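**Student:** My questions will all concern the structure given below.
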Amino acid sequence: MKSFNKASTRTLTAALLSLAILSSAQAATLNVGTNQQGSLFYSMGTALSKVMADKSGKQYRVSPYAGSSTYLPLINAGRVSFGFANGSEALFAYQGSENFSRGANDKLRLVGVMLASQASFAVATESDIHSIDDLKDKRLPSGYNSGRTFHYYSNAALATGGLTIDDTQKVPSPNFVTAIEALEEGRVDAALVTLNVGQGKQAMATMSKGWHYLSLDDSQAARDAVSESLPSARIVSLSPSDNATGVVEDPTHMIEVDFYLVTSADVDDETVSELVKTLHANKTALANAYGVFKRFDPETMVGDSKVPYHPGAIKAYKEMGLWPEE
């Protein structure tokens with residue numbers, strides 16, 4: 001009987017140890033929230049997860065959602081570890097304003113600026129639409145209920161031509177991927193496309209004559225209208241190049257915003273600090289995993305925002321000499 005009890009005890013101990021190891025492994029998995037597959041954030045998240053897993057030995061996993069409006073509250077609640085957000089939606093989410101009016105996500109914290117991204121409305125190459133004000137009464141994606149930030153992108157771009165989305169024929173679209181698909185299939189006359197995003201490149205290859213960007217007005221009034229519609233956004237000028245899909249007019253004026261990596265105040269300082277230092281030291285690996293990270297500047301990871309930085313990020317930046325002196 002004693003032998004049986006000892007064997008049972010050993011078996012039970014082994015089982016409990018296995019469960020503890022499994023539980024520990026599961027706890028170590030760090031999810032990176034992104035938009036759905038085909039989006040810029042999804043590709044960025046996949047690259048970041050790969051590099052962090054390779055360099056830190058921890059389990060990072062990309063977790064795609066319908067849009068940032070879905071996963072930012074999950075980050076705030078501690079159900080997703082990290083995620084991407086442009087400067088405007090991070091502020092909206094933190095304050096509980098605009099598309100996050102159900103409540104403030106006050107545990108949201110910044111990790112760092114990953115890169116700046118540009119966007120404008122795209123039209124089929126053969127379209128007779130040549131400027132933003134030509135979009136009046138045209139068919140445009142609207143709603144963006146699963147990725148609401150693109151509603152504000154749209155109104156910011158339209159504002160440069162003195163328009164709002166209500167001046168167009170609104171075609172309901174849950175997110176920007178379905179909006180680009182609608183352009184691809186001729187169901188809308190224009191769609192907002194982020195520069196070099198995978199879905200945009202797919203549309204370029206699929207549409208018979210491709211598509212090109214509309215250039216925004218670059219007046220001071222247009223700049224003011226953009227920043228009012230989309231806080232932290234600005235107008236920049238791009239020239240045609242092999243690395244700028246859809247940029248035809250020289251210059252082409254587009255909206256630019258900073259893309260932040262964000263986390264929750266509940267994520268431990270050590271994890272965030274390790275992440276910051278690893279990303280800062282591995283631009284080449286990030287760029288090899290996804291070419292857009294060639295535009296990543298490790299020395300400008302600290303940006304100006306009303307959303308607070310995570311203490312672990314601040315610690316890392318201070319140690320690297322990047323945190324601004326008070």
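If you're wondering about the labels, chains in the structure tokens are A, B, ... by order shown, residues count from 1 in each chain, ligands from 1 in order shown.
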Could you name the residues that touch region 245-259 of chain A at 6 Å or less, counting only C-alpha atoms, but leaving out those on the same chain fewer than 4 positions away, as JSON, numbers by chain?
**Tutor:** {"A": [85, 86, 87, 113, 114, 115, 116, 117, 118, 119, 120, 196, 212, 213, 215, 216, 233, 234, 235, 236, 237, 238, 239, 240]}
**Student:** Give me a file of those residues, with N, CA and C atoms, as a compact mmCIF listing (two decimals), in the first residue's frame.
**Tutor:**
```
# COMPACT_ATOMS: atom_id res chain seq x y z
N ALA A 85 -0.97 51.51 -32.87
CA ALA A 85 -2.00 52.55 -32.99
C ALA A 85 -1.34 53.81 -33.54
N ASN A 86 -2.07 54.53 -34.38
CA ASN A 86 -1.52 55.82 -34.78
C ASN A 86 -1.72 56.81 -33.63
N GLY A 87 -1.01 57.92 -33.70
CA GLY A 87 -1.02 58.87 -32.60
C GLY A 87 -2.40 59.37 -32.23
N VAL A 113 7.63 55.10 -30.80
CA VAL A 113 7.29 55.36 -32.20
C VAL A 113 8.02 54.34 -33.07
N MET A 114 7.26 53.62 -33.90
CA MET A 114 7.89 52.63 -34.77
C MET A 114 8.21 53.21 -36.15
N LEU A 115 7.32 54.00 -36.68
CA LEU A 115 7.58 54.66 -37.95
C LEU A 115 6.43 55.61 -38.26
N ALA A 116 6.65 56.45 -39.25
CA ALA A 116 5.59 57.33 -39.73
C ALA A 116 4.99 56.71 -40.99
N SER A 117 3.69 56.89 -41.18
CA SER A 117 3.03 56.30 -42.34
C SER A 117 2.20 57.34 -43.07
N GLN A 118 2.14 57.21 -44.38
CA GLN A 118 1.42 58.16 -45.21
C GLN A 118 0.20 57.51 -45.85
N ALA A 119 -0.80 58.31 -46.13
CA ALA A 119 -2.02 57.80 -46.76
C ALA A 119 -2.74 58.91 -47.51
N SER A 120 -3.50 58.53 -48.51
CA SER A 120 -4.38 59.45 -49.22
C SER A 120 -5.43 58.60 -49.95
N ASN A 196 2.17 51.67 -49.48
CA ASN A 196 2.87 50.38 -49.53
C ASN A 196 2.23 49.27 -48.71
N HIS A 212 -3.80 55.16 -58.64
CA HIS A 212 -2.82 56.15 -58.19
C HIS A 212 -3.44 57.02 -57.11
N TYR A 213 -2.57 57.67 -56.33
CA TYR A 213 -3.02 58.54 -55.26
C TYR A 213 -3.47 59.89 -55.79
N SER A 215 -3.40 63.81 -54.89
CA SER A 215 -2.58 64.70 -54.07
C SER A 215 -3.48 65.66 -53.30
N LEU A 216 -3.22 65.81 -52.01
CA LEU A 216 -4.00 66.72 -51.19
C LEU A 216 -3.56 68.16 -51.40
N ALA A 233 -1.74 64.46 -36.92
CA ALA A 233 -1.48 64.24 -38.34
C ALA A 233 -0.89 65.50 -38.97
N ARG A 234 -0.21 65.32 -40.09
CA ARG A 234 0.41 66.42 -40.82
C ARG A 234 0.40 66.09 -42.31
N ILE A 235 0.63 67.08 -43.15
CA ILE A 235 0.72 66.88 -44.59
C ILE A 235 2.18 66.85 -45.00
N VAL A 236 2.57 65.84 -45.77
CA VAL A 236 3.94 65.73 -46.25
C VAL A 236 3.92 65.54 -47.77
N SER A 237 5.07 65.75 -48.39
CA SER A 237 5.18 65.64 -49.85
C SER A 237 6.06 64.45 -50.22
N LEU A 238 5.59 63.65 -51.16
CA LEU A 238 6.34 62.50 -51.66
C LEU A 238 6.54 62.62 -53.16
N SER A 239 7.61 62.03 -53.66
CA SER A 239 7.88 61.98 -55.10
C SER A 239 7.79 60.54 -55.58
N PRO A 240 7.50 60.33 -56.85
CA PRO A 240 7.43 58.97 -57.38
C PRO A 240 8.75 58.24 -57.21
```
**Student:** Extract, using only C-alpha atoms, all DNA, RNA and protein residues at most 10 Å from Ile132 (chain A), discarding same-chain residues fewer than 5 positions from it, and format them as a PyMOL selection string.
**Tutor:** chain A and resi 120-121+157-163+190+214-217
**Student:** Based on the selection just made, write C-alpha atoms of those residues as a CSV table (one decimal), in the first residue's frame.
**Tutor:**
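Result saved to part_31.csv:
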```
chain,number,residue,atom,x,y,z
A,120,SER,CA,-4.4,59.4,-49.2
A,121,PHE,CA,-7.3,58.6,-51.4
A,157,ALA,CA,-8.2,64.0,-46.3
A,158,LEU,CA,-11.6,65.2,-47.5
A,159,ALA,CA,-11.2,68.4,-45.4
A,160,THR,CA,-8.3,69.5,-47.6
A,161,GLY,CA,-10.9,69.8,-50.4
A,162,GLY,CA,-13.5,71.4,-48.3
A,163,LEU,CA,-15.5,68.2,-48.0
A,190,ALA,CA,-12.0,56.0,-54.4
A,214,LEU,CA,-4.8,61.9,-55.3
A,215,SER,CA,-2.6,64.7,-54.1
A,216,LEU,CA,-4.0,66.7,-51.2
A,217,ASP,CA,-4.0,70.5,-51.0
```
**Student:** Ranking A:Gly200, A:Val193, A:Asp137, A:Ala66 by minimum distance to Pro174 (chain A) and counting only C-alpha atoms, which one comes first?
**Tutor:**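 The shortest atom-to-atom distance to Pro174 (chain A) comes from A:Ala66.
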**Student:** I'd like to know which of A:Leu108, A:Ala124, A:Met301, A:Ala182 is closest to Lys283 (chain A), using only C-alpha atoms.
**Tutor:** A:Met301
**Student:** Could you give me, as a list of chain:residue names, each residue of region 206-242 of chain A that DSSP assigns to strand (DSSP E) when run on this structure's backbone?
**Tutor:**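 Residues meeting the strand (DSSP E) criterion: A:Trp211, A:His212, A:Tyr213, A:Arg234, A:Ile235, A:Val236, A:Ser237, A:Leu238.
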**Student:** Need to verify the contact set: Leu183 (chain A), 9 Å, only C-alpha atoms, exclusion of same-chain residues closer than 2 positions in sequence. Can you return it as a ChimeraX atom specification?
**Tutor:** /A:122-124,140-141,178-181,185-191,203,207
**Student:** Neighbouring residues of Gly83 (chain A) were defined as those with any atom within 8 Å, considering only C-alpha atoms; residues of the same chain fewer than 6 positions away were excluded. Please report them as a PyMOL selection string.
**Tutor:** chain A and resi 32-34+45+71-72+75+261-263
**Student:** Any idea what's packed within 9 Å of Met44 (chain A), counting only C-alpha atoms, ignoring anything in its chain fewer than 5 positions away? Could you give it as a PyMOL selection string?
**Tutor:** chain A and resi 34+39+49+84+286+289-290+292-293
**Student:** Would you list, as a PyMOL selection string, the residues of region 98-258 of chain A that end up in helix (DSSP H, G or I) under DSSP run on this structure's backbone?
**Tutor:** chain A and resi 98-100+132-135+149-159+165-167+176-184+198-206+220-229
**Student:** Generate the output file for the selected residues, N, CA and C atoms, as a CSV table (one decimal), in the first residue's frame.
**Tutor:**
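Result file is part.csv:
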```
chain,number,residue,atom,x,y,z
A,98,GLU,N,-14.2,60.4,-29.1
A,98,GLU,CA,-14.5,60.0,-30.5
A,98,GLU,C,-15.0,58.5,-30.6
A,99,ASN,N,-14.3,57.7,-31.3
A,99,ASN,CA,-14.8,56.3,-31.5
A,99,ASN,C,-14.5,55.4,-30.2
A,100,PHE,N,-13.9,56.0,-29.2
A,100,PHE,CA,-13.8,55.3,-27.9
A,100,PHE,C,-14.6,56.0,-26.8
A,132,ILE,N,-9.1,66.1,-54.7
A,132,ILE,CA,-10.0,65.8,-53.6
A,132,ILE,C,-11.4,66.4,-53.8
A,133,ASP,N,-11.4,67.6,-54.3
A,133,ASP,CA,-12.8,68.2,-54.4
A,133,ASP,C,-13.6,67.5,-55.5
A,134,ASP,N,-13.0,66.8,-56.4
A,134,ASP,CA,-13.7,66.0,-57.4
A,134,ASP,C,-14.5,64.8,-56.7
A,135,LEU,N,-14.2,64.5,-55.5
A,135,LEU,CA,-14.9,63.4,-54.8
A,135,LEU,C,-16.3,63.7,-54.3
A,149,THR,N,-10.8,54.3,-37.0
A,149,THR,CA,-9.8,55.4,-37.2
A,149,THR,C,-9.8,55.9,-38.7
A,150,PHE,N,-10.1,55.0,-39.6
A,150,PHE,CA,-10.1,55.4,-41.0
A,150,PHE,C,-11.3,56.3,-41.4
A,151,HIS,N,-12.3,56.4,-40.5
A,151,HIS,CA,-13.3,57.4,-40.7
A,151,HIS,C,-12.7,58.8,-40.5
A,152,TYR,N,-11.8,58.9,-39.5
A,152,TYR,CA,-11.1,60.2,-39.2
A,152,TYR,C,-10.1,60.5,-40.3
A,153,TYR,N,-9.4,59.5,-40.7
A,153,TYR,CA,-8.5,59.6,-41.8
A,153,TYR,C,-9.2,60.2,-43.1
A,154,SER,N,-10.3,59.6,-43.4
A,154,SER,CA,-11.1,60.0,-44.5
A,154,SER,C,-11.5,61.5,-44.4
A,155,ASN,N,-12.1,61.8,-43.3
A,155,ASN,CA,-12.5,63.2,-43.1
A,155,ASN,C,-11.4,64.2,-43.1
A,156,ALA,N,-10.2,63.8,-42.6
A,156,ALA,CA,-9.1,64.6,-42.7
A,156,ALA,C,-8.6,64.9,-44.1
A,157,ALA,N,-8.6,63.8,-44.9
A,157,ALA,CA,-8.2,64.0,-46.3
A,157,ALA,C,-9.2,64.8,-47.1
A,158,LEU,N,-10.5,64.5,-46.8
A,158,LEU,CA,-11.6,65.2,-47.5
A,158,LEU,C,-11.6,66.7,-47.1
A,159,ALA,N,-11.2,67.0,-45.9
A,159,ALA,CA,-11.2,68.4,-45.4
A,159,ALA,C,-10.3,69.3,-46.2
A,165,ILE,N,-17.3,63.4,-45.3
A,165,ILE,CA,-17.8,62.1,-45.9
A,165,ILE,C,-19.3,62.3,-46.2
A,166,ASP,N,-20.0,63.2,-45.6
A,166,ASP,CA,-21.4,63.4,-45.8
A,166,ASP,C,-21.7,64.1,-47.2
A,167,ASP,N,-20.6,64.6,-47.8
A,167,ASP,CA,-20.7,65.2,-49.1
A,167,ASP,C,-20.5,64.2,-50.2
A,176,PHE,N,-10.6,49.0,-43.6
A,176,PHE,CA,-9.9,49.6,-44.8
A,176,PHE,C,-9.6,48.5,-45.8
A,177,VAL,N,-9.5,47.2,-45.3
A,177,VAL,CA,-9.2,46.1,-46.3
A,177,VAL,C,-10.4,45.9,-47.2
A,178,THR,N,-11.6,45.9,-46.6
A,178,THR,CA,-12.8,45.7,-47.5
A,178,THR,C,-13.0,47.0,-48.4
A,179,ALA,N,-12.6,48.1,-47.9
A,179,ALA,CA,-12.7,49.4,-48.7
A,179,ALA,C,-11.8,49.3,-49.9
A,180,ILE,N,-10.6,48.8,-49.7
A,180,ILE,CA,-9.7,48.7,-50.9
A,180,ILE,C,-10.2,47.6,-51.8
A,181,GLU,N,-10.8,46.5,-51.3
A,181,GLU,CA,-11.4,45.5,-52.1
A,181,GLU,C,-12.5,46.1,-53.0
A,182,ALA,N,-13.3,47.0,-52.4
A,182,ALA,CA,-14.4,47.7,-53.1
A,182,ALA,C,-13.8,48.5,-54.2
A,183,LEU,N,-12.7,49.2,-54.0
A,183,LEU,CA,-12.1,49.9,-55.1
A,183,LEU,C,-11.6,49.0,-56.2
A,184,GLU,N,-11.0,47.9,-55.8
A,184,GLU,CA,-10.5,46.9,-56.7
A,184,GLU,C,-11.6,46.3,-57.6
A,198,GLY,N,0.1,46.0,-48.0
A,198,GLY,CA,-0.1,44.8,-48.8
A,198,GLY,C,-1.3,44.7,-49.7
A,199,GLN,N,-2.5,45.1,-49.0
A,199,GLN,CA,-3.7,45.1,-49.8
A,199,GLN,C,-3.7,46.1,-50.9
A,200,GLY,N,-3.1,47.2,-50.8
A,200,GLY,CA,-3.0,48.2,-51.9
A,200,GLY,C,-2.1,47.6,-53.0
A,201,LYS,N,-1.1,46.9,-52.7
A,201,LYS,CA,-0.2,46.4,-53.7
A,201,LYS,C,-1.0,45.3,-54.5
A,202,GLN,N,-1.8,44.5,-53.7
A,202,GLN,CA,-2.6,43.5,-54.4
A,202,GLN,C,-3.6,44.1,-55.3
A,203,ALA,N,-4.2,45.2,-54.9
A,203,ALA,CA,-5.2,45.9,-55.8
A,203,ALA,C,-4.5,46.4,-57.0
A,204,MET,N,-3.2,46.9,-56.9
A,204,MET,CA,-2.5,47.4,-58.0
A,204,MET,C,-2.2,46.3,-59.0
A,205,ALA,N,-1.9,45.1,-58.6
A,205,ALA,CA,-1.7,44.0,-59.5
A,205,ALA,C,-2.9,43.5,-60.1
A,206,THR,N,-4.1,43.6,-59.4
A,206,THR,CA,-5.3,43.0,-59.9
A,206,THR,C,-6.1,43.9,-60.8
A,220,GLN,N,-2.1,76.3,-45.9
A,220,GLN,CA,-2.1,76.3,-44.5
A,220,GLN,C,-3.5,76.0,-44.0
A,221,ALA,N,-4.5,76.4,-44.7
A,221,ALA,CA,-5.9,76.1,-44.4
A,221,ALA,C,-6.1,74.5,-44.4
A,222,ALA,N,-5.5,73.9,-45.4
A,222,ALA,CA,-5.6,72.4,-45.5
A,222,ALA,C,-4.9,71.7,-44.3
A,223,ARG,N,-3.7,72.3,-44.0
A,223,ARG,CA,-3.0,71.7,-42.9
A,223,ARG,C,-3.7,71.8,-41.6
A,224,ASP,N,-4.3,73.0,-41.4
A,224,ASP,CA,-5.1,73.2,-40.2
A,224,ASP,C,-6.3,72.2,-40.1
A,225,ALA,N,-7.0,72.0,-41.3
A,225,ALA,CA,-8.1,71.2,-41.3
A,225,ALA,C,-7.7,69.7,-41.0
A,226,VAL,N,-6.6,69.3,-41.5
A,226,VAL,CA,-6.1,67.9,-41.2
A,226,VAL,C,-5.8,67.7,-39.7
A,227,SER,N,-5.1,68.7,-39.1
A,227,SER,CA,-4.8,68.5,-37.7
A,227,SER,C,-6.1,68.6,-36.8
A,228,GLU,N,-7.1,69.3,-37.3
A,228,GLU,CA,-8.3,69.4,-36.5
A,228,GLU,C,-9.1,68.1,-36.6
A,229,SER,N,-9.1,67.5,-37.8
A,229,SER,CA,-9.8,66.2,-38.0
A,229,SER,C,-9.1,65.0,-37.4
```
**Student:** Which residues are near region 28-31 of chain A? Cut-off 7 Å, only C-alpha atoms, ignore same chain within fewer than 4 positions. Put them as a PyMOL selection string.
**Tutor:** chain A and resi 24+58-63+80-82
**Student:** One number please: CA of Pro231 (chain A) to CA of Tyr94 (chain A), in Å, one decimal.
**Tutor:**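 Interatomic distance here is 13.4 Å.
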**Student:** Can you tell me which residues surround Trp323 (chain A) at a distance of at most 12 Å, considering only C-alpha atoms, apart from same-chain residues fewer than 2 positions away, and format the answer as a compact mmCIF listing (two decimals) with N, CA, C and O atoms, in the first residue's frame?
**Tutor:**
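New file selection.txt:
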```txt
# COMPACT_ATOMS: atom_id res chain seq x y z
N GLY A 112 6.74 53.11 -27.86
CA GLY A 112 7.63 53.91 -28.70
C GLY A 112 7.08 54.11 -30.10
O GLY A 112 6.17 53.40 -30.53
N GLU A 299 16.48 56.01 -33.17
CA GLU A 299 16.82 57.18 -32.37
C GLU A 299 15.64 58.12 -32.17
O GLU A 299 15.75 59.11 -31.43
N THR A 300 14.53 57.85 -32.83
CA THR A 300 13.35 58.72 -32.69
C THR A 300 12.15 57.95 -32.13
O THR A 300 11.01 58.25 -32.45
N MET A 301 12.42 56.96 -31.29
CA MET A 301 11.34 56.16 -30.72
C MET A 301 10.55 56.93 -29.66
O MET A 301 9.44 56.54 -29.30
N VAL A 302 11.11 58.02 -29.15
CA VAL A 302 10.40 58.84 -28.17
C VAL A 302 9.71 59.97 -28.92
O VAL A 302 10.37 60.81 -29.55
N GLY A 303 8.38 59.97 -28.90
CA GLY A 303 7.60 60.99 -29.59
C GLY A 303 6.84 61.87 -28.61
O GLY A 303 6.79 61.59 -27.41
N ASP A 304 6.22 62.90 -29.15
CA ASP A 304 5.46 63.84 -28.33
C ASP A 304 3.99 63.43 -28.33
O ASP A 304 3.35 63.43 -29.38
N TYR A 309 4.03 57.42 -21.41
CA TYR A 309 4.88 56.28 -21.72
C TYR A 309 4.88 55.29 -20.55
O TYR A 309 4.72 55.67 -19.40
N PRO A 311 6.45 53.01 -17.73
CA PRO A 311 7.66 53.18 -16.92
C PRO A 311 8.83 52.33 -17.41
O PRO A 311 9.99 52.77 -17.35
N ALA A 313 9.45 51.51 -20.48
CA ALA A 313 9.99 52.16 -21.68
C ALA A 313 10.83 53.36 -21.28
O ALA A 313 11.93 53.57 -21.81
N ILE A 314 10.33 54.15 -20.33
CA ILE A 314 11.07 55.32 -19.86
C ILE A 314 12.43 54.89 -19.31
O ILE A 314 13.47 55.52 -19.60
N LYS A 315 12.44 53.82 -18.53
CA LYS A 315 13.69 53.30 -17.95
C LYS A 315 14.69 52.97 -19.06
O LYS A 315 15.87 53.33 -18.98
N ALA A 316 14.22 52.28 -20.09
CA ALA A 316 15.10 51.89 -21.19
C ALA A 316 15.63 53.12 -21.94
O ALA A 316 16.83 53.20 -22.25
N TYR A 317 14.75 54.07 -22.21
CA TYR A 317 15.19 55.27 -22.95
C TYR A 317 16.19 56.09 -22.14
O TYR A 317 17.14 56.66 -22.69
N LYS A 318 16.00 56.16 -20.84
CA LYS A 318 16.95 56.89 -20.00
C LYS A 318 18.31 56.20 -20.01
O LYS A 318 19.35 56.87 -20.10
N GLU A 319 18.30 54.89 -19.95
CA GLU A 319 19.56 54.15 -19.97
C GLU A 319 20.27 54.30 -21.31
O GLU A 319 21.52 54.25 -21.36
N MET A 320 19.51 54.48 -22.39
CA MET A 320 20.10 54.64 -23.71
C MET A 320 20.36 56.10 -24.06
O MET A 320 20.85 56.41 -25.14
N GLY A 321 20.00 57.02 -23.16
CA GLY A 321 20.23 58.43 -23.39
C GLY A 321 19.27 59.07 -24.37
O GLY A 321 19.57 60.11 -24.97
N GLU A 325 15.67 65.46 -21.38
CA GLU A 325 15.95 65.98 -20.05
C GLU A 325 14.79 66.87 -19.61
O GLU A 325 14.23 67.63 -20.41
N GLU A 326 14.44 66.77 -18.35
CA GLU A 326 13.32 67.56 -17.83
C GLU A 326 13.78 68.99 -17.52
O GLU A 326 14.91 69.23 -17.15
```
